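Below is one structure, written out as structure tokens; the observations come after it.
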Amino acid sequence: MKNFILFFLFTTAAMLMLAGCKDKFNAIEGKVYYYEDTVYQFTAGFDNDTMYYIMKDQGPPRFHKSPFTAKKVNDSVFTIQVTSKPKFWEKDTWEITVRNDNEFLSTESGKKYDRYKIGMQELKDAFK
């Protein structure tokens, strides 16, 4: 009985440690997020190793799809490094703060991206 209790405590502790290793970026992968102000609309999605990004203003929408890597800065802040930078971005990185699976912030601008009503497949279809 004593061995069973020790085994149970060890297994529980190991599972808690492994669960803590999962970072917050995993919470937003495979989902679509949206930000809108008076002029601009931004849609972003991260699927496996590809970022899908749409910027819309008064003109036609601008679509960008690029392989990316997410580098962890701390528990909730990540630097997105794209292989090819969108023409409408100043640099090839984007730092985001993941709050939960329903929202993240663009760290530099403070814009809050909320979970969007469309799914990842619908976003991918927009790029066809």
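Ordered as shown in the structure tokens, chains take letters A, B, and onward, while each chain numbers its residues from 1 and ligands are numbered from 1 in the order shown.
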Find the residues near stretch 110-119 of chain A: any atom within 7 Å, counting only C-alpha atoms, skip ones fewer than 6 places away on the same chain, and give them as a ChimeraX atom specification. /A:31-35,102-104
Counting only C-alpha atoms, figure out which residue out of A:Thr43, A:Ser66, A:Asn26, A:Ser109 gets nearest to A:Ser84.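 The shortest atom-to-atom distance to A:Ser84 comes from A:Ser66.
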Counting only C-alpha atoms, what is within 12 Å of A:Gln81, bar same-chain residues fewer than 2 positions away, as a VMD selection string? chain A and resid 46 49 to 51 66 to 72 78 to 79 83 to 86 91 to 96
Which neighbours of A:Gly59 fall inside 12 Å, counting only C-alpha atoms, when residues of the same chain fewer than 6 positions from it are skipped, and could you give them as a ChimeraX atom specification? /A:39-41
Could you turn the residues from that selection into a file that holds N, CA and C atoms, as a short mmCIF file (atom, residue, chain, number, x, y, z; two decimals), in the first residue's frame?
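The result, stored in out.cif:
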```
data_model
loop_
_atom_site.label_atom_id
_atom_site.label_comp_id
_atom_site.auth_asym_id
_atom_site.auth_seq_id
_atom_site.Cartn_x
_atom_site.Cartn_y
_atom_site.Cartn_z
N VAL A 39 -10.60 52.04 -39.16
CA VAL A 39 -10.11 51.96 -40.52
C VAL A 39 -9.65 50.55 -40.91
N TYR A 40 -9.00 49.86 -40.01
CA TYR A 40 -8.34 48.59 -40.33
C TYR A 40 -9.07 47.39 -39.74
N GLN A 41 -8.92 46.27 -40.46
CA GLN A 41 -9.36 44.96 -39.97
C GLN A 41 -8.20 44.00 -40.18
#
```
Shortest interatomic distance to A:Asp47 - which of A:Arg99, A:Asp23, A:Ile28, A:Thr107, counting only C-alpha atoms: A:Ile28
Measuring atom to atom with only C-alpha atoms, identify which of A:Glu29, A:Gly45, A:Asp101, A:Ile80 is nearest to A:Phe63.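 Once distances to A:Phe63 are computed over only C-alpha atoms, the minimum belongs to A:Gly45.
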Which residues in chain A does DSSP call helix (DSSP H, G or I)? List them as a ChimeraX atom specification. /A:2-21,25-28,120-126
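Using only C-alpha atoms, the smallest distance between any of A:Lys87, A:Lys65, A:Lys24, A:Lys56 and A:Phe127 comes from A:Lys65.
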One decimal, in Å: what's the spacing between atom CA of A:Met55 and atom CA of A:Ala27? 22.9 Å
Where in chain A does DSSP assign strand (DSSP E), given as a PyMOL selection string? chain A and resi 32-36+41-47+50-56+62-72+77-82+93-100+103-106+112-115
Restricting to only C-alpha atoms, whichever of A:Tyr53, A:Thr38, A:Asp125, A:Asn48 is closest to A:Trp89 is A:Tyr53
